[in-house]
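Comments concern the structure below.
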Amino acid sequence: MTAPAAPAVELVDLRVSLGGARILAGIDLAVAAGEWVTVIGPNGAGKSTLLRAVGGLLPATGTVNLFGTPSAALSRRERARVVATVAQSPVVPPGMAVFDYVLLGRTPYLRPLGRESAADLAVVAGVLDRLDLARFGSRPLETLSGGERQRVFLARALAQGATLLMLDEPTSALDIGHQQEVLEVVDQLRRDSGLTVLATMHDLSIAGEYADRLVLLDAGRVAAAGTPREVLTEELLATHYRARVRVVDGEHGPIVVPVRAARDAARQPKPGAVR
Ligand code: ADP
Ligand code: MG
C-alpha cells in the first residue's frame, strides 16, 4: 500500500486579522490534488482573504501546507511554480501588450536576468490560442473589454504552469457564453494535467456545476462544506445570504433561482380603487 498523496491545500486553524479586525477565524480545509473546490459566501465573508492567505500574500497564523510542504518554507519563486492566482481585480500595467503580460506568468522559470526561452514563448502562444486570445497579442491590455481582460488574467495564470490554480471570481465580468468557455477550459486542464482548482464564485448554480465540493464561508468561518447538493439548500442560503431562493434539480447539480418576496397583499390597491 502506498501512502495517500498529500492534499494540494491543507489549512489547519487558519486565522487572519487585518487592521485590527479578525477576518478569518480558524479555517480548517483540505483540498485533494485534482479536486475542484469553490468557496462561496456573502460579500465580505472572507473569500478573497482566504485565497490570498493560501497564496502567501497575507500574514496568517495556523497551518498552510501546499502539497505537503509548509507554504512559509517556500521561496516566492518556488511558491509561484506551485500555485498560480487570478486575483479579483488584478492590476493592469499601463501600456503593456497582452502577449507580454501573459509572458509574466513565466517569470518563476527564468534564470536571474535571463531572457525567456523559445519554450516560454511557445507556452504563451499556446495559452493565448486556447483562450481565444491570439488576435489580441499585440494590443495594450487596457484597451480590451472587461471580459477579454479577465481571460487574459486567466491566461497569465495558466502560463505559470502551476499545479494549483486559485481563481477569485474568475467569471464575474464575463457574459454567460464566455463564463462557460473559461470554466470548461479550466475543467479540461484539470482532466488533462491533474490541475487542482480552488475558486470563489458568486453565481451559485455555476459554482455547483463545476465544483466537486463547495465551502460556504460566513463572517470568516466555514458555515457548511460538502457536495453542491449538500451546501446549496434553501435553508443554508436563507440563513447565510438572507436570500429567498428556490433550489431545483439541474442536470449537473442544483440550480439556485432567486425569488422575489411576496408583495404584502394588504398594501395592494384594489382594482378600480381610487386613492
Ligand atoms: P469577500 O471576498 O468574501 O467578499 P474579503 O476577503 O475581500 O471578502 O474581505 C473580508 C473582510 O475583510 C471584509 O469585511 C473586508 O472589509 C475586510 N478587509 C479586507 N482587507 C482588509 C484590510 N486590509 N484591512 C481591514 N479589513 C480588511
Ligand atoms: Mg472577494
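So you can find residues: chains in the C-alpha cells are A, B, ... in the order shown, residues in each start at 1, and ligands are numbered from 1 in order.
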
Just list as a list in words whatever in region 169-203 of chain A DSSP marks as helix (DSSP H, G or I). Ile176, Gly177, His178, Gln179, Gln180, Glu181, Val182, Leu183, Glu184, Val185, Val186, Asp187, Gln188, Leu189, Arg190, Arg191, Asp192 and Ser193 of chain A

Check which residues of chain A sit at most 8 Å from ligand 2 using only C-alpha atoms and all ligand atoms, and return one row each with the closest pair of atoms and their distance in Å to one decimal, ordered by chain and rising number, as CSV.
residue,atom,partner,partner_atom_place_in_ligand_line,distance
A:Asn43,CA,ligand 2,1 (Mg),6.9
A:Gly44,CA,ligand 2,1 (Mg),6.9
A:Gly46,CA,ligand 2,1 (Mg),6.9
A:Lys47,CA,ligand 2,1 (Mg),5.3
A:Ser48,CA,ligand 2,1 (Mg),4.1
A:Thr49,CA,ligand 2,1 (Mg),7.3
A:Gln88,CA,ligand 2,1 (Mg),6.3
A:Asp168,CA,ligand 2,1 (Mg),6.7
A:Glu169,CA,ligand 2,1 (Mg),7.2
A:Thr200,CA,ligand 2,1 (Mg),7.6

Kindly save the residues from that selection, with N, CA and C atoms included, as a PDB file, in the first residue's frame.
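Everything below was put into again_24.pdb:
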ATOM      1  N   ASN A  43     -20.885  38.796   0.446  1.00  0.00           N
ATOM      2  CA  ASN A  43     -19.858  39.831   0.346  1.00  0.00           C
ATOM      3  C   ASN A  43     -19.210  40.036   1.708  1.00  0.00           C
ATOM      4  N   GLY A  44     -17.904  40.103   1.729  1.00  0.00           N
ATOM      5  CA  GLY A  44     -17.192  40.389   2.972  1.00  0.00           C
ATOM      6  C   GLY A  44     -17.008  39.179   3.866  1.00  0.00           C
ATOM      7  N   GLY A  46     -14.940  36.819   3.584  1.00  0.00           N
ATOM      8  CA  GLY A  46     -13.525  36.468   3.736  1.00  0.00           C
ATOM      9  C   GLY A  46     -12.994  35.564   2.638  1.00  0.00           C
ATOM     10  N   LYS A  47     -13.738  35.443   1.542  1.00  0.00           N
ATOM     11  CA  LYS A  47     -13.343  34.536   0.456  1.00  0.00           C
ATOM     12  C   LYS A  47     -12.005  34.950  -0.170  1.00  0.00           C
ATOM     13  N   SER A  48     -11.913  36.240  -0.544  1.00  0.00           N
ATOM     14  CA  SER A  48     -10.658  36.709  -1.167  1.00  0.00           C
ATOM     15  C   SER A  48      -9.508  36.611  -0.174  1.00  0.00           C
ATOM     16  N   THR A  49      -9.787  36.922   1.071  1.00  0.00           N
ATOM     17  CA  THR A  49      -8.755  36.849   2.110  1.00  0.00           C
ATOM     18  C   THR A  49      -8.240  35.417   2.238  1.00  0.00           C
ATOM     19  N   GLN A  88      -9.059  39.035  -7.700  1.00  0.00           N
ATOM     20  CA  GLN A  88     -10.402  39.526  -8.049  1.00  0.00           C
ATOM     21  C   GLN A  88     -10.306  40.736  -8.975  1.00  0.00           C
ATOM     22  N   ASP A 168     -10.179  33.886  -8.123  1.00  0.00           N
ATOM     23  CA  ASP A 168     -11.078  34.684  -7.289  1.00  0.00           C
ATOM     24  C   ASP A 168     -12.115  35.348  -8.192  1.00  0.00           C
ATOM     25  N   GLU A 169     -13.300  34.812  -8.187  1.00  0.00           N
ATOM     26  CA  GLU A 169     -14.397  35.280  -9.050  1.00  0.00           C
ATOM     27  C   GLU A 169     -13.950  35.436 -10.504  1.00  0.00           C
ATOM     28  N   THR A 200     -13.361  31.090  -5.975  1.00  0.00           N
ATOM     29  CA  THR A 200     -14.510  31.704  -5.336  1.00  0.00           C
ATOM     30  C   THR A 200     -15.463  32.103  -6.453  1.00  0.00           C
TER      31      THR A 200
END

Surrounding residues as a PyMOL selection string, ligand 1, max 10 Å, only C-alpha atoms and all ligand atoms: chain A and resi 16-24+39-53+58+88+168-169+200-202+217-220

Would you kindly return, as number ranges by chain, each protein, DNA or RNA residue with an atom no farther than 9 Å from any atom of Arg81 (chain A), considering only C-alpha atoms and excluding same-chain residues fewer than 2 positions away? A: 76-79, 83-84, 108-109, 160-164

Save the residues we just selected, N, CA, C and O atoms, as a CSV table (one decimal), in the first residue's frame?
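Okay, out_15.csv is ready:
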chain,number,residue,atom,x,y,z
A,76,ARG,N,9.4,32.7,-2.7
A,76,ARG,CA,8.3,33.3,-3.6
A,76,ARG,C,8.3,32.6,-5.0
A,76,ARG,O,7.3,32.2,-5.5
A,77,ARG,N,9.6,32.3,-5.5
A,77,ARG,CA,9.7,31.7,-6.8
A,77,ARG,C,9.2,30.2,-6.7
A,77,ARG,O,8.5,29.8,-7.6
A,78,GLU,N,9.6,29.5,-5.7
A,78,GLU,CA,9.1,28.1,-5.5
A,78,GLU,C,7.6,28.1,-5.4
A,78,GLU,O,6.9,27.3,-6.0
A,79,ARG,N,7.0,29.0,-4.6
A,79,ARG,CA,5.6,29.0,-4.5
A,79,ARG,C,4.9,29.3,-5.8
A,79,ARG,O,3.9,28.7,-6.1
A,83,VAL,N,1.6,27.4,-7.1
A,83,VAL,CA,0.3,28.0,-7.1
A,83,VAL,C,0.2,29.2,-7.9
A,83,VAL,O,1.1,30.1,-7.8
A,84,ALA,N,-0.8,29.3,-8.8
A,84,ALA,CA,-1.0,30.5,-9.6
A,84,ALA,C,-2.4,31.1,-9.3
A,84,ALA,O,-3.3,30.3,-9.1
A,108,PRO,N,8.7,32.8,-12.9
A,108,PRO,CA,9.3,31.9,-12.0
A,108,PRO,C,10.2,30.9,-12.6
A,108,PRO,O,10.9,30.1,-11.9
A,109,TYR,N,10.3,30.8,-14.0
A,109,TYR,CA,11.1,29.8,-14.6
A,109,TYR,C,12.4,30.5,-15.2
A,109,TYR,O,13.2,29.8,-15.8
A,160,GLN,N,1.7,30.2,-16.1
A,160,GLN,CA,2.6,29.9,-15.0
A,160,GLN,C,2.8,28.4,-14.8
A,160,GLN,O,3.8,28.0,-14.1
A,161,GLY,N,1.9,27.6,-15.3
A,161,GLY,CA,2.2,26.1,-15.3
A,161,GLY,C,2.1,25.6,-13.9
A,161,GLY,O,2.8,24.5,-13.6
A,162,ALA,N,1.5,26.2,-12.9
A,162,ALA,CA,1.4,25.7,-11.5
A,162,ALA,C,0.4,24.6,-11.5
A,162,ALA,O,-0.5,24.5,-12.3
A,163,THR,N,0.5,23.7,-10.4
A,163,THR,CA,-0.4,22.6,-10.3
A,163,THR,C,-1.6,23.0,-9.5
A,163,THR,O,-2.6,22.3,-9.5
A,164,LEU,N,-1.6,24.1,-8.8
A,164,LEU,CA,-2.8,24.6,-8.1
A,164,LEU,C,-3.2,25.9,-8.7
A,164,LEU,O,-2.3,26.9,-8.7

With a distance cut-off of 10 Å and only C-alpha atoms, select the neighbouring residues of His178 (chain A), excluding the residue or stretch itself and same-chain residues fewer than 3 positions from it, and output the selection as JSON, numbers by chain. {"A": [131, 147, 148, 151, 171, 173, 174, 175, 181, 182, 183, 184]}

DSSP on the backbone: what in region 33-204 of chain A comes out strand (DSSP E), as a list in words? Trp36, Val37, Thr38, Val39, Ile40, Thr61, Gly62, Thr63, Val64, Asn65, Leu66, Thr69, Pro70, Val83, Ala84, Thr85, Val86, Leu164, Leu165, Met166, Leu167, Asp168, Thr196, Val197, Leu198, Ala199 and Thr200 of chain A

Quote the spacing between CA of Ala72 (chain A) and CA of Ser89 (chain A) in Å to one decimal place. 24.8 Å

Could you give me, as a list of chain:residue names, the residues within 9 Å of Val197 (chain A), counting only C-alpha atoms and dropping anything in the same chain fewer than 6 positions from it?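 Non-adjacent residues within range: A:Val31, A:Ala33, A:Gly34, A:Glu35, A:Trp36, A:Val37, A:Thr38, A:Thr163, A:Leu164, A:Leu165, A:Met166, A:Leu167, A:Val186, A:Asp187, A:Arg190, A:Ala211.
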
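With CA of Leu74 (chain A) on one side and CA of Glu10 (chain A) on the other, the separation reads 14.9 Å.
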
Glu234 (chain A) surroundings by only C-alpha atoms, 7 Å radius, close-in-sequence under 3 positions cut, as an MDAnalysis selection string: chainID A and resid 237:238 245:247

Go ahead and save the picked residues with N, CA and C atoms, as a PDB file, in the first residue's frame.
ATOM      1  N   LEU A 237     -28.925  28.898   2.345  1.00  0.00           N
ATOM      2  CA  LEU A 237     -28.792  30.160   1.600  1.00  0.00           C
ATOM      3  C   LEU A 237     -29.639  31.253   2.244  1.00  0.00           C
ATOM      4  N   ALA A 238     -30.774  30.870   2.813  1.00  0.00           N
ATOM      5  CA  ALA A 238     -31.604  31.854   3.518  1.00  0.00           C
ATOM      6  C   ALA A 238     -30.857  32.353   4.753  1.00  0.00           C
ATOM      7  N   VAL A 245     -34.610  32.020  -2.072  1.00  0.00           N
ATOM      8  CA  VAL A 245     -34.286  31.285  -3.292  1.00  0.00           C
ATOM      9  C   VAL A 245     -35.100  29.999  -3.369  1.00  0.00           C
ATOM     10  N   ARG A 246     -35.253  29.520  -4.582  1.00  0.00           N
ATOM     11  CA  ARG A 246     -35.717  28.161  -4.801  1.00  0.00           C
ATOM     12  C   ARG A 246     -34.533  27.381  -5.339  1.00  0.00           C
ATOM     13  N   VAL A 247     -34.375  26.153  -4.891  1.00  0.00           N
ATOM     14  CA  VAL A 247     -33.330  25.286  -5.417  1.00  0.00           C
ATOM     15  C   VAL A 247     -34.020  24.160  -6.177  1.00  0.00           C
TER      16      VAL A 247
END

Pick out the closest residue to Thr63 (chain A) from this set: A:Pro254, A:Gly126, A:Gly114, A:Gly26. Count only C-alpha atoms.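 Closest to Thr63 (chain A) of all the choices is A:Gly26.
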